[in-house]
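This is target10.cif. It holds mmCIF, C-alpha atoms.
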```
data_input
loop_
_atom_site.label_atom_id
_atom_site.label_comp_id
_atom_site.auth_asym_id
_atom_site.auth_seq_id
_atom_site.Cartn_x
_atom_site.Cartn_y
_atom_site.Cartn_z
CA MET A 710 0.00 0.00 0.00
CA LYS A 711 2.88 2.33 0.95
CA VAL A 712 4.82 1.44 -2.18
CA GLN A 713 1.72 2.12 -4.27
CA SER A 714 1.19 5.46 -2.55
CA SER A 715 4.78 6.60 -3.12
CA ARG A 716 4.54 5.44 -6.74
CA LEU A 717 1.40 7.55 -7.17
CA LYS A 718 3.22 10.54 -5.63
CA ALA A 719 6.18 10.08 -7.98
CA GLN A 720 3.84 9.90 -10.97
CA GLY A 721 2.02 13.01 -9.81
CA PHE A 722 5.32 14.84 -9.48
CA GLY A 723 6.35 13.63 -12.94
CA MET A 724 3.14 14.99 -14.39
CA ILE A 725 3.67 18.40 -12.80
CA LEU A 726 7.18 18.48 -14.30
CA LEU A 727 5.79 17.52 -17.70
CA LEU A 728 3.21 20.28 -17.45
CA PHE A 729 5.84 22.82 -16.44
CA ALA A 730 8.04 21.74 -19.34
CA ALA A 731 5.15 22.14 -21.76
CA PHE A 732 4.52 25.68 -20.58
CA CYS A 733 8.20 26.72 -20.67
CA ILE A 734 9.77 24.86 -23.55
CA LEU A 735 7.06 24.87 -26.20
CA PRO A 736 7.77 27.77 -28.53
CA PRO A 737 4.93 30.15 -29.31
CA LEU A 738 3.95 28.78 -32.72
CA THR A 739 1.40 31.49 -33.29
CA ARG A 740 0.38 34.51 -31.29
CA ALA A 741 -3.13 35.79 -30.96
CA GLY A 742 -3.70 39.30 -32.27
CA GLU A 743 -4.96 40.44 -28.91
CA LYS A 744 -3.21 39.21 -25.78
CA TRP A 745 -5.15 36.52 -23.87
CA SER A 746 -8.05 36.43 -26.30
CA GLY A 747 -9.93 33.13 -26.47
CA VAL A 748 -9.18 30.63 -29.24
CA ASP A 749 -12.56 31.54 -30.67
CA GLU A 750 -11.15 35.00 -31.43
CA SER A 751 -7.65 33.94 -32.41
CA VAL A 752 -8.63 30.85 -34.43
CA ILE A 753 -12.34 30.23 -35.05
CA LYS A 754 -13.64 33.74 -35.80
CA LYS A 755 -10.46 34.69 -37.66
CA VAL A 756 -10.60 31.71 -40.04
CA ALA A 757 -14.39 31.95 -40.40
CA LYS A 758 -14.13 35.65 -41.32
CA GLU A 759 -11.55 34.83 -44.00
CA HIS A 760 -14.17 32.52 -45.53
CA GLY A 761 -17.02 34.99 -45.28
CA GLN A 762 -18.73 33.67 -42.13
CA GLU A 763 -19.36 36.21 -39.36
CA THR A 764 -20.58 35.62 -35.82
CA ARG A 765 -24.11 36.64 -34.89
CA LYS A 766 -25.17 38.17 -31.60
CA PRO A 767 -26.49 35.55 -29.16
CA PHE A 768 -30.31 35.13 -28.96
CA ILE A 769 -30.16 36.34 -25.38
CA ASN A 770 -27.44 38.94 -25.54
CA THR A 771 -25.91 39.07 -22.07
CA ASP A 772 -22.70 40.62 -23.38
CA GLN A 773 -23.67 44.12 -22.23
CA GLY A 774 -21.51 46.02 -19.78
CA ASP A 775 -20.85 44.08 -16.62
CA LEU A 776 -23.90 41.85 -17.05
CA LEU A 777 -21.84 39.00 -18.49
CA LEU A 778 -19.33 39.34 -15.67
CA PHE A 779 -22.17 39.04 -13.16
CA LEU A 780 -23.61 35.98 -14.92
CA PHE A 781 -20.22 34.26 -15.03
CA LEU A 782 -19.77 34.95 -11.33
CA LEU A 783 -23.25 33.63 -10.60
CA ALA A 784 -22.67 30.53 -12.75
CA GLY A 785 -19.35 29.90 -11.00
CA ALA A 786 -20.87 30.34 -7.56
CA VAL A 787 -23.86 28.07 -8.25
CA GLY A 788 -21.70 25.48 -10.06
CA GLY A 789 -19.13 25.57 -7.27
CA PHE A 790 -21.81 25.16 -4.62
CA ILE A 791 -23.39 22.20 -6.41
CA ALA A 792 -19.99 20.55 -6.96
CA GLY A 793 -19.06 21.06 -3.30
CA TYR A 794 -22.45 19.81 -2.08
CA TYR A 795 -22.31 16.58 -4.08
CA TRP A 796 -18.62 16.05 -3.33
CA ARG A 797 -19.46 16.25 0.36
CA ALA A 798 -22.42 13.93 -0.16
CA LEU A 799 -20.13 11.43 -1.84
CA THR A 800 -17.09 11.63 0.42
CA GLY A 801 -18.37 12.89 3.79
CA GLU A 802 -18.19 10.18 6.44
CA ASN A 803 -21.44 10.78 8.28
CA THR A 804 -23.99 11.52 5.60
CA ASP A 805 -26.82 9.08 5.10
CA GLN A 806 -26.20 9.02 1.38
CA VAL A 807 -22.64 7.77 1.87
CA LYS A 808 -23.75 5.17 4.39
CA ASN A 809 -26.30 3.91 1.88
CA LEU A 810 -23.74 3.93 -0.92
CA LYS A 811 -21.25 1.96 1.16
CA GLU A 812 -23.90 -0.54 2.21
CA ASP A 813 -24.92 -1.02 -1.40
CA VAL A 814 -21.33 -1.87 -2.36
CA MET B 752 -13.35 13.32 20.47
CA GLN B 753 -16.09 15.93 20.18
CA LYS B 754 -13.52 18.64 19.47
CA HIS B 755 -11.90 16.46 16.85
CA ARG B 756 -15.28 15.90 15.16
CA ILE B 757 -16.08 19.61 15.20
CA SER B 758 -12.76 20.52 13.65
CA LYS B 759 -13.32 17.94 10.91
CA VAL B 760 -16.70 19.48 10.12
CA GLN B 761 -15.13 22.94 10.12
CA ILE B 762 -12.39 21.79 7.76
CA ARG B 763 -15.00 20.40 5.37
CA LYS B 764 -16.94 23.66 5.48
CA VAL B 765 -13.77 25.61 4.73
CA ALA B 766 -12.98 23.21 1.86
CA VAL B 767 -16.45 23.69 0.36
CA ALA B 768 -16.14 27.47 0.75
CA PHE B 769 -12.70 27.34 -0.89
CA LEU B 770 -14.07 25.32 -3.81
CA LEU B 771 -16.87 27.85 -4.20
CA PHE B 772 -14.45 30.77 -4.05
CA THR B 773 -12.03 29.19 -6.53
CA ALA B 774 -14.76 28.40 -9.03
CA SER B 775 -16.21 31.88 -8.75
CA GLY B 776 -12.84 33.58 -8.94
CA SER B 777 -11.72 31.69 -12.00
CA LEU B 778 -14.92 32.46 -13.85
CA LEU B 779 -14.73 36.10 -12.77
CA THR B 780 -11.51 36.52 -14.76
CA VAL B 781 -13.58 36.62 -17.94
CA SER B 782 -13.64 40.16 -19.24
CA ASP B 783 -15.14 39.59 -22.67
CA VAL B 784 -16.92 36.85 -24.55
CA ASN B 785 -13.86 34.65 -24.82
CA ALA B 786 -15.90 31.60 -25.64
CA MET B 787 -14.01 28.63 -26.92
CA HIS B 788 -16.97 26.79 -28.41
CA ILE B 789 -18.12 27.57 -31.96
CA SER B 790 -20.01 30.86 -31.68
CA GLU B 791 -23.50 31.70 -32.89
CA GLY B 792 -23.73 32.20 -36.65
CA ILE B 793 -20.32 30.77 -37.59
CA LEU B 794 -21.75 27.63 -39.22
CA PRO B 795 -24.14 27.88 -42.18
CA PHE B 796 -27.70 26.76 -41.41
CA HIS B 797 -27.54 23.37 -43.13
CA TRP B 798 -24.34 22.40 -41.29
CA ALA B 799 -25.70 23.65 -37.95
CA ALA B 800 -28.87 21.61 -38.53
CA PHE B 801 -26.86 18.54 -39.53
CA TRP B 802 -24.74 18.55 -36.34
CA SER B 803 -27.82 19.20 -34.19
CA LEU B 804 -29.71 16.29 -35.75
CA LEU B 805 -26.67 14.08 -35.30
CA ALA B 806 -26.50 15.03 -31.61
CA VAL B 807 -30.17 14.29 -30.81
CA PRO B 808 -29.94 10.44 -30.66
CA PHE B 809 -26.95 10.69 -28.30
CA VAL B 810 -28.91 12.97 -25.95
CA ALA B 811 -31.95 10.68 -26.11
CA TYR B 812 -29.79 7.66 -25.28
CA GLY B 813 -28.18 9.59 -22.42
CA LEU B 814 -31.64 10.35 -20.98
CA TYR B 815 -32.62 6.68 -21.30
CA ARG B 816 -29.42 5.54 -19.52
CA LEU B 817 -29.88 8.12 -16.75
CA ARG B 818 -33.45 7.00 -16.11
CA LYS B 819 -32.48 3.34 -16.14
CA LEU B 820 -29.48 3.70 -13.84
CA SER B 821 -31.22 6.11 -11.45
CA ALA B 822 -34.19 3.75 -11.13
CA ALA B 823 -31.88 0.85 -10.35
CA ASP B 824 -29.70 2.77 -7.91
CA LEU B 825 -30.67 6.07 -6.25
CA SER B 826 -27.12 6.65 -5.06
CA PHE B 827 -26.08 7.25 -8.66
CA LYS B 828 -27.58 10.74 -8.61
CA PRO B 829 -24.96 12.53 -6.44
CA LEU B 830 -22.22 11.40 -8.82
CA VAL B 831 -24.15 12.65 -11.87
CA GLY B 832 -24.82 15.94 -10.03
CA LEU B 833 -21.12 16.31 -9.26
CA MET B 834 -20.13 15.55 -12.85
CA ALA B 835 -22.71 18.00 -14.23
CA ALA B 836 -21.29 20.79 -12.07
CA VAL B 837 -17.69 19.85 -12.90
CA VAL B 838 -18.31 19.76 -16.69
CA PHE B 839 -20.24 23.03 -16.56
CA ILE B 840 -17.54 24.88 -14.58
CA ILE B 841 -14.56 23.41 -16.43
CA SER B 842 -16.02 23.97 -19.91
CA CYS B 843 -16.57 27.69 -19.39
CA MET B 844 -13.39 28.44 -17.49
CA PRO B 845 -10.87 30.26 -19.70
CA ILE B 846 -7.30 29.31 -18.85
CA PRO B 847 -4.45 31.54 -20.08
CA VAL B 848 -1.83 29.57 -22.00
CA PRO B 849 1.53 31.42 -21.90
CA THR B 850 2.96 29.47 -24.87
CA ALA B 851 0.25 30.88 -27.13
CA GLY B 852 -0.69 34.13 -25.41
CA SER B 853 -4.34 33.16 -25.66
CA CYS B 854 -7.00 31.47 -23.52
CA SER B 855 -8.94 28.27 -23.91
CA HIS B 856 -10.76 25.83 -21.68
CA PRO B 857 -10.53 22.15 -20.86
CA CYS B 858 -13.68 20.08 -21.48
CA GLY B 859 -14.17 17.90 -18.41
CA THR B 860 -15.91 15.24 -20.47
CA ALA B 861 -13.07 12.73 -20.01
CA ILE B 862 -13.61 12.46 -16.25
CA SER B 863 -17.40 12.34 -16.63
CA GLY B 864 -17.13 9.76 -19.44
CA ILE B 865 -14.97 7.55 -17.22
CA LEU B 866 -17.06 7.89 -14.07
CA VAL B 867 -20.67 7.93 -15.30
CA GLY B 868 -20.21 6.48 -18.79
CA PRO B 869 -20.17 8.26 -22.17
CA ALA B 870 -23.97 8.31 -22.65
CA ILE B 871 -24.67 10.22 -19.43
CA SER B 872 -21.56 12.33 -19.94
CA ILE B 873 -23.01 13.48 -23.28
CA LEU B 874 -26.27 14.41 -21.56
CA VAL B 875 -24.38 16.38 -18.91
CA ALA B 876 -22.41 18.21 -21.64
CA ALA B 877 -25.66 18.93 -23.54
CA VAL B 878 -27.17 20.67 -20.52
CA ALA B 879 -23.96 22.57 -19.76
CA LEU B 880 -23.66 23.78 -23.39
CA LEU B 881 -27.32 24.82 -23.47
CA ILE B 882 -27.02 26.93 -20.31
CA GLN B 883 -23.78 28.49 -21.57
CA ALA B 884 -25.34 29.30 -24.97
CA LEU B 885 -28.48 30.77 -23.42
CA PHE B 886 -27.08 32.89 -20.62
CA LEU B 887 -23.30 33.22 -20.93
CA ALA B 888 -22.94 34.12 -24.63
CA HIS B 889 -20.65 31.07 -24.75
CA GLY B 890 -21.14 28.94 -27.85
CA GLY B 891 -24.55 29.34 -29.47
CA LEU B 892 -27.98 27.81 -29.84
CA SER B 893 -27.52 27.18 -33.57
CA THR B 894 -24.07 25.68 -32.95
CA TRP B 895 -25.20 23.67 -29.90
CA GLY B 896 -25.23 20.40 -31.89
CA ALA B 897 -21.76 20.96 -33.35
CA ASN B 898 -20.33 21.85 -29.93
CA LEU B 899 -22.05 18.84 -28.38
CA ILE B 900 -20.64 16.46 -31.00
CA SER B 901 -17.10 17.76 -30.46
CA MET B 902 -17.05 18.25 -26.69
CA GLY B 903 -19.75 15.86 -25.51
CA VAL B 904 -19.68 12.93 -27.91
CA MET B 905 -16.03 12.90 -29.03
CA GLY B 906 -14.66 14.05 -25.66
CA SER B 907 -16.65 11.51 -23.65
CA PHE B 908 -16.00 8.57 -25.96
CA ALA B 909 -12.31 9.39 -26.45
CA GLY B 910 -11.81 9.64 -22.67
CA PHE B 911 -13.86 6.55 -21.87
CA LEU B 912 -12.36 4.32 -24.58
CA THR B 913 -8.78 5.42 -23.92
CA PHE B 914 -9.18 4.75 -20.21
CA LYS B 915 -10.79 1.34 -20.77
CA ALA B 916 -8.21 0.31 -23.38
CA LEU B 917 -5.27 1.26 -21.16
CA ARG B 918 -6.79 -0.38 -18.08
CA SER B 919 -7.39 -3.58 -20.03
CA MET B 920 -3.65 -3.54 -20.80
CA LYS B 921 -2.96 -3.25 -17.04
CA VAL B 922 -1.68 0.34 -17.32
CA ASN B 923 -1.98 2.00 -13.93
CA LEU B 924 -4.73 4.37 -12.89
CA VAL B 925 -2.74 7.62 -13.09
CA ILE B 926 -1.36 7.09 -16.58
CA SER B 927 -4.71 5.80 -17.88
CA GLY B 928 -6.51 8.83 -16.46
CA PHE B 929 -3.88 11.21 -17.82
CA ALA B 930 -4.03 9.72 -21.33
CA ALA B 931 -7.83 9.75 -21.26
CA GLY B 932 -7.96 13.45 -20.35
CA LEU B 933 -5.29 14.34 -22.90
CA LEU B 934 -6.88 12.49 -25.80
CA ALA B 935 -10.40 13.65 -24.90
CA ASP B 936 -9.25 17.27 -25.10
CA TRP B 937 -7.37 16.78 -28.36
CA ALA B 938 -10.23 14.76 -29.87
CA THR B 939 -12.59 17.63 -29.06
CA TYR B 940 -10.49 20.21 -30.90
CA PHE B 941 -9.78 17.80 -33.76
CA THR B 942 -13.56 17.48 -34.24
CA THR B 943 -14.06 21.23 -33.89
CA SER B 944 -11.55 21.65 -36.73
CA VAL B 945 -13.50 19.17 -38.88
CA GLU B 946 -16.80 20.94 -38.15
CA LEU B 947 -15.41 24.37 -38.80
CA ALA B 948 -13.55 23.41 -41.98
CA SER B 949 -16.56 21.60 -43.44
CA GLY B 950 -18.88 24.45 -42.50
CA ILE B 951 -16.90 27.38 -43.89
CA GLN B 952 -14.93 25.81 -46.74
CA GLY B 953 -17.17 27.02 -49.58
CA ASP B 954 -15.17 26.32 -52.75
CA SER B 955 -11.89 25.83 -50.89
CA PRO B 956 -10.49 22.31 -50.60
CA PHE B 957 -11.20 20.68 -47.23
CA ILE B 958 -7.84 19.21 -46.19
CA PRO B 959 -5.69 22.39 -46.36
CA LEU B 960 -8.34 24.38 -44.48
CA PHE B 961 -8.76 21.64 -41.87
CA SER B 962 -4.96 21.43 -41.40
CA LYS B 963 -4.72 25.21 -41.08
CA ILE B 964 -7.37 25.29 -38.32
CA LEU B 965 -5.88 22.29 -36.52
CA ILE B 966 -2.37 23.79 -36.58
CA ALA B 967 -3.74 27.11 -35.29
CA PHE B 968 -5.24 25.26 -32.30
CA ILE B 969 -1.97 23.49 -31.42
CA PRO B 970 -0.14 26.21 -29.39
CA THR B 971 -3.13 26.55 -27.07
CA GLN B 972 -4.55 23.05 -27.00
CA LEU B 973 -1.29 21.10 -26.75
CA PRO B 974 -0.47 22.36 -23.23
CA LEU B 975 -4.13 22.56 -22.29
CA GLY B 976 -4.56 18.87 -23.18
CA ILE B 977 -1.70 18.08 -20.81
CA LEU B 978 -3.45 20.13 -18.12
CA GLU B 979 -6.71 18.29 -18.77
CA GLY B 980 -4.85 14.97 -18.52
CA ALA B 981 -3.34 15.99 -15.17
CA MET B 982 -6.76 17.14 -13.89
CA THR B 983 -8.44 13.90 -14.96
CA ALA B 984 -5.72 11.75 -13.37
CA GLY B 985 -5.85 13.89 -10.22
CA MET B 986 -9.63 13.51 -9.86
CA ILE B 987 -9.46 9.75 -10.33
CA VAL B 988 -6.66 9.39 -7.78
CA LEU B 989 -8.59 11.58 -5.33
CA LEU B 990 -11.68 9.39 -5.69
CA TYR B 991 -9.50 6.27 -5.46
CA LYS B 992 -8.21 7.48 -2.10
CA LYS B 993 -11.56 8.73 -0.79
CA ARG B 994 -14.08 6.29 -2.27
CA PRO B 995 -12.52 3.22 -3.90
CA ASP B 996 -15.88 1.46 -3.38
CA LEU B 997 -17.52 4.03 -5.67
CA LEU B 998 -14.96 3.40 -8.42
CA ILE B 999 -15.70 -0.33 -8.16
CA LYS B 1000 -19.40 0.35 -8.35
CA MET B 1001 -18.96 2.51 -11.46
CA LYS B 1002 -16.79 -0.25 -13.00
CA VAL B 1003 -13.76 2.03 -13.11
CA LEU B 1004 -11.89 -0.48 -10.93
CA LYS B 1005 -12.25 -4.22 -10.45
CA THR B 1006 -12.91 -5.53 -6.95
CA GLY B 1007 -9.36 -6.83 -6.47
CA GLU B 1008 -7.75 -3.58 -7.62
CA ALA B 1009 -8.91 -1.43 -4.69
CA ALA B 1010 -6.33 -1.82 -1.93
#
```
Just give me the structure as structure tokens.
Amino acid sequence: MKVQSSRLKAQGFGMILLLFAAFCILPPLTRAGEKWSGVDESVIKKVAKEHGQETRKPFINTDQGDLLLFLFLLAGAVGGFIAGYYWRALTGENTDQVKNLKEDV
Amino acid sequence: MQKHRISKVQIRKVAVAFLLFTASGSLLTVSDVNAMHISEGILPFHWAAFWSLLAVPFVAYGLYRLRKLSAADLSFKPLVGLMAAVVFIISCMPIPVPTAGSCSHPCGTAISGILVGPAISILVAAVALLIQALFLAHGGLSTWGANLISMGVMGSFAGFLTFKALRSMKVNLVISGFAAGLLADWATYFTTSVELASGIQGDSPFIPLFSKILIAFIPTQLPLGILEGAMTAGMIVLLYKKRPDLLIKMKVLKTGEAA
């Protein structure tokens, strides 16, 4: 069990190194026109525009002022709460749901 | 004993609050519509309709599987709820990639494909993409089918099949999870390139346009795929440590493999 645990740690460390290497060594093959724009701007919309396809405004246009910022914050908060709630339901030791799950298995 | 129990509860509350804060904070970094799905209006009508029609049977099968599994086992629901939240958050979280100077997002469909199966993972992605298209100006209603085929169908199946294939070859959990996440992410953007090239090609030949789009994705998606692989492996290892019984139940592990 200990050997397995240390092996898992070593693999985790290896993965972090690999990730770091990817970020540092990989040369910037292309640069987006605007710094930190999404790949939709730097790739999808750019190529589509070259071929005569333009984006349309969304049916519900929330991209107005800080409205989109608010909605992203709200979505993150609600999503984070739901993820945390179910994670606790799945891994908490004393919840009824977990007891039932463990009994089932 | 009582004190110890209280502190454990407090730690859990802090962990939940931290998760909430992190998710909110990362989504708050969005300053413009930096959506990474195919935006509204990019695909011509007939292509948008084609991808949407292609996606419908997958969603219907996902609904059927969810009903069947939930009826057989009520405890399945918390895991689906967790996966729905994870896919939703991950797939609208722009991550800056220094090698490219641009942002993109992981998909999260590899982990959901592995844990709840590709059919339900597709359903989860369908709901996430619909909410994002409706309220977050992220993707689009007309391009919902195309985005679902690339992120939901290809992402889930690539993750699930890679994980199963590697596990059947006795490759360990971490490497299998990493490869599943990596290939799911790359499969998603490979499919996006196919969809985009076929939709906008007009009189241009398909292969050069497809290659151009795929190559343009590489600086961002290459490192992001590695990140998605690490995230997928990390989540599986975390569940392995916390709930190996759940992984056995979801057929991610065999009974003898959980130490």
Within 8 Å of (-26.5, 19.6, -33.0), all atoms listed in the file: residues as a PyMOL selection string? chain B and resi 799-807+893-900
Selection near Thr771 in chain A, 10 Å with only C-alpha atoms, sequence-local residues under 3 positions removed, as a PyMOL selection string: (chain A and resi 766-768+774-780) or (chain B and resi 784+885-889)
Please save C-alpha atoms of the selected residues as a tab-separated table (two decimals), in the coordinates of the input.
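File again-v1.tsv, as written:
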```tsv
chain	number	residue	atom	x	y	z
A	766	LYS	CA	-25.17	38.17	-31.60
A	767	PRO	CA	-26.49	35.55	-29.16
A	768	PHE	CA	-30.31	35.13	-28.96
A	774	GLY	CA	-21.51	46.02	-19.78
A	775	ASP	CA	-20.85	44.08	-16.62
A	776	LEU	CA	-23.90	41.85	-17.05
A	777	LEU	CA	-21.84	39.00	-18.49
A	778	LEU	CA	-19.33	39.34	-15.67
A	779	PHE	CA	-22.17	39.04	-13.16
A	780	LEU	CA	-23.61	35.98	-14.92
B	784	VAL	CA	-16.92	36.85	-24.55
B	885	LEU	CA	-28.48	30.77	-23.42
B	886	PHE	CA	-27.08	32.89	-20.62
B	887	LEU	CA	-23.30	33.22	-20.93
B	888	ALA	CA	-22.94	34.12	-24.63
B	889	HIS	CA	-20.65	31.07	-24.75
```
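For the point (-10.5, 20.9, -36.4), the residues with at least one atom inside 10 Å, counting only C-alpha atoms, are A:Ile753, B:Ser901, B:Trp937, B:Ala938, B:Thr939, B:Tyr940, B:Phe941, B:Thr942, B:Thr943, B:Ser944, B:Val945, B:Glu946, B:Leu947, B:Ala948, B:Ser949, B:Leu960, B:Phe961, B:Ser962, B:Lys963, B:Ile964, B:Leu965, B:Ile966, B:Ala967, B:Phe968.
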So how far away is CA of Lys819 in chain B from CA of Pro857 in chain B, in Å?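 Interatomic distance here is 29.3 Å.
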Rounded to one decimal place, report the CA of Gly832 in chain B-CA of Pro974 in chain B distance in Å. 28.4 Å
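Taken over the shown file, the PyMOL selection byres ((chain A and resi 788) around 10) identifies Leu782, Leu783, Ala784, Gly785, Ala786, Val787, Gly789, Phe790, Ile791, Ala792, Gly793 and Tyr794 of chain A; Leu770, Leu771, Ala774, Ser775, Leu833, Ala835, Ala836, Val837, Val838, Phe839, Ile840 and Ile841 of chain B.
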Go ahead and write the selection's residues with C-alpha atoms as a tab-separated table (two decimals), in the coordinates of the input.
```
chain	number	residue	atom	x	y	z
A	782	LEU	CA	-19.77	34.95	-11.33
A	783	LEU	CA	-23.25	33.63	-10.60
A	784	ALA	CA	-22.67	30.53	-12.75
A	785	GLY	CA	-19.35	29.90	-11.00
A	786	ALA	CA	-20.87	30.34	-7.56
A	787	VAL	CA	-23.86	28.07	-8.25
A	789	GLY	CA	-19.13	25.57	-7.27
A	790	PHE	CA	-21.81	25.16	-4.62
A	791	ILE	CA	-23.39	22.20	-6.41
A	792	ALA	CA	-19.99	20.55	-6.96
A	793	GLY	CA	-19.06	21.06	-3.30
A	794	TYR	CA	-22.45	19.81	-2.08
B	770	LEU	CA	-14.07	25.32	-3.81
B	771	LEU	CA	-16.87	27.85	-4.20
B	774	ALA	CA	-14.76	28.40	-9.03
B	775	SER	CA	-16.21	31.88	-8.75
B	833	LEU	CA	-21.12	16.31	-9.26
B	835	ALA	CA	-22.71	18.00	-14.23
B	836	ALA	CA	-21.29	20.79	-12.07
B	837	VAL	CA	-17.69	19.85	-12.90
B	838	VAL	CA	-18.31	19.76	-16.69
B	839	PHE	CA	-20.24	23.03	-16.56
B	840	ILE	CA	-17.54	24.88	-14.58
B	841	ILE	CA	-14.56	23.41	-16.43
```
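Taking CA of Phe827 in chain B and CA of Ala981 in chain B as endpoints, the distance between them is 25.2 Å.
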When the PyMOL selection byres ((chain A and resi 760) around 10) is applied to the file above, which residues end up in the set, as a list of chain:residue names? A:Lys754, A:Lys755, A:Val756, A:Ala757, A:Lys758, A:Glu759, A:Gly761, A:Gln762, A:Glu763, B:Ala948, B:Gly950, B:Ile951, B:Gln952, B:Gly953, B:Asp954, B:Ser955
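Of the residues listed (B:Gly864, B:Gly859, B:Gly891, B:Gly903), B:Gly891 shows the shortest atom-to-atom separation from chain A; distances use all atoms listed in the file.
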Picked residues, the PyMOL selection byres ((chain B and resi 922-933) around 9), as number ranges by chain: A: 717, 720-721, 724; B: 858-862, 865, 906, 909-921, 934-938, 973, 975-988, 1004
Requested write-out: C-alpha atoms of the selected residues, as a JSON list (two decimals), in the coordinates of the input:
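Result went into again_37.json, see below:
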```
[["chain", "number", "residue", "atom", "x", "y", "z"],
["A", 717, "LEU", "CA", 1.40, 7.55, -7.17],
["A", 720, "GLN", "CA", 3.84, 9.90, -10.97],
["A", 721, "GLY", "CA", 2.02, 13.01, -9.81],
["A", 724, "MET", "CA", 3.14, 14.99, -14.39],
["B", 858, "CYS", "CA", -13.68, 20.08, -21.48],
["B", 859, "GLY", "CA", -14.17, 17.90, -18.41],
["B", 860, "THR", "CA", -15.91, 15.24, -20.47],
["B", 861, "ALA", "CA", -13.07, 12.73, -20.01],
["B", 862, "ILE", "CA", -13.61, 12.46, -16.25],
["B", 865, "ILE", "CA", -14.97, 7.55, -17.22],
["B", 906, "GLY", "CA", -14.66, 14.05, -25.66],
["B", 909, "ALA", "CA", -12.31, 9.39, -26.45],
["B", 910, "GLY", "CA", -11.81, 9.64, -22.67],
["B", 911, "PHE", "CA", -13.86, 6.55, -21.87],
["B", 912, "LEU", "CA", -12.36, 4.32, -24.58],
["B", 913, "THR", "CA", -8.78, 5.42, -23.92],
["B", 914, "PHE", "CA", -9.18, 4.75, -20.21],
["B", 915, "LYS", "CA", -10.79, 1.34, -20.77],
["B", 916, "ALA", "CA", -8.21, 0.31, -23.38],
["B", 917, "LEU", "CA", -5.27, 1.26, -21.16],
["B", 918, "ARG", "CA", -6.79, -0.38, -18.08],
["B", 919, "SER", "CA", -7.39, -3.58, -20.03],
["B", 920, "MET", "CA", -3.65, -3.54, -20.80],
["B", 921, "LYS", "CA", -2.96, -3.25, -17.04],
["B", 934, "LEU", "CA", -6.88, 12.49, -25.80],
["B", 935, "ALA", "CA", -10.40, 13.65, -24.90],
["B", 936, "ASP", "CA", -9.25, 17.27, -25.10],
["B", 937, "TRP", "CA", -7.37, 16.78, -28.36],
["B", 938, "ALA", "CA", -10.23, 14.76, -29.87],
["B", 973, "LEU", "CA", -1.29, 21.10, -26.75],
["B", 975, "LEU", "CA", -4.13, 22.56, -22.29],
["B", 976, "GLY", "CA", -4.56, 18.87, -23.18],
["B", 977, "ILE", "CA", -1.70, 18.08, -20.81],
["B", 978, "LEU", "CA", -3.45, 20.13, -18.12],
["B", 979, "GLU", "CA", -6.71, 18.29, -18.77],
["B", 980, "GLY", "CA", -4.85, 14.97, -18.52],
["B", 981, "ALA", "CA", -3.34, 15.99, -15.17],
["B", 982, "MET", "CA", -6.76, 17.14, -13.89],
["B", 983, "THR", "CA", -8.44, 13.90, -14.96],
["B", 984, "ALA", "CA", -5.72, 11.75, -13.37],
["B", 985, "GLY", "CA", -5.85, 13.89, -10.22],
["B", 986, "MET", "CA", -9.63, 13.51, -9.86],
["B", 987, "ILE", "CA", -9.46, 9.75, -10.33],
["B", 988, "VAL", "CA", -6.66, 9.39, -7.78],
["B", 1004, "LEU", "CA", -11.89, -0.48, -10.93]]
```
Restricting the calculation to only C-alpha atoms: of B:Val904, B:Leu817, B:Met834, B:Ala870, which residue gets closest to chain A?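 Comparing B:Val904, B:Leu817, B:Met834, B:Ala870 against chain A, the winner is B:Met834.
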As a PDB file, in the frame of the given file, could you write out range 841-849 of chain B once it has been completed with N, CA and C atoms?
```
ATOM      1  N   ILE B 841     -15.812  23.572 -15.678  1.00  0.00           N
ATOM      2  CA  ILE B 841     -14.560  23.410 -16.430  1.00  0.00           C
ATOM      3  C   ILE B 841     -14.716  23.919 -17.869  1.00  0.00           C
ATOM      4  N   SER B 842     -15.889  23.637 -18.483  1.00  0.00           N
ATOM      5  CA  SER B 842     -16.020  23.970 -19.910  1.00  0.00           C
ATOM      6  C   SER B 842     -16.351  25.441 -20.166  1.00  0.00           C
ATOM      7  N   CYS B 843     -16.470  26.245 -19.116  1.00  0.00           N
ATOM      8  CA  CYS B 843     -16.570  27.690 -19.390  1.00  0.00           C
ATOM      9  C   CYS B 843     -15.537  28.474 -18.585  1.00  0.00           C
ATOM     10  N   MET B 844     -14.437  27.790 -18.280  1.00  0.00           N
ATOM     11  CA  MET B 844     -13.390  28.440 -17.490  1.00  0.00           C
ATOM     12  C   MET B 844     -12.178  28.730 -18.392  1.00  0.00           C
ATOM     13  N   PRO B 845     -11.998  29.976 -18.822  1.00  0.00           N
ATOM     14  CA  PRO B 845     -10.870  30.260 -19.700  1.00  0.00           C
ATOM     15  C   PRO B 845      -9.547  30.199 -18.938  1.00  0.00           C
ATOM     16  N   ILE B 846      -8.614  29.442 -19.491  1.00  0.00           N
ATOM     17  CA  ILE B 846      -7.300  29.310 -18.850  1.00  0.00           C
ATOM     18  C   ILE B 846      -6.252  29.951 -19.763  1.00  0.00           C
ATOM     19  N   PRO B 847      -5.487  30.922 -19.252  1.00  0.00           N
ATOM     20  CA  PRO B 847      -4.450  31.540 -20.080  1.00  0.00           C
ATOM     21  C   PRO B 847      -3.319  30.547 -20.367  1.00  0.00           C
ATOM     22  N   VAL B 848      -2.922  30.476 -21.632  1.00  0.00           N
ATOM     23  CA  VAL B 848      -1.830  29.570 -22.000  1.00  0.00           C
ATOM     24  C   VAL B 848      -0.639  30.427 -22.442  1.00  0.00           C
ATOM     25  N   PRO B 849       0.412  30.521 -21.594  1.00  0.00           N
ATOM     26  CA  PRO B 849       1.530  31.420 -21.900  1.00  0.00           C
ATOM     27  C   PRO B 849       2.229  31.100 -23.218  1.00  0.00           C
TER      28      PRO B 849
END
```
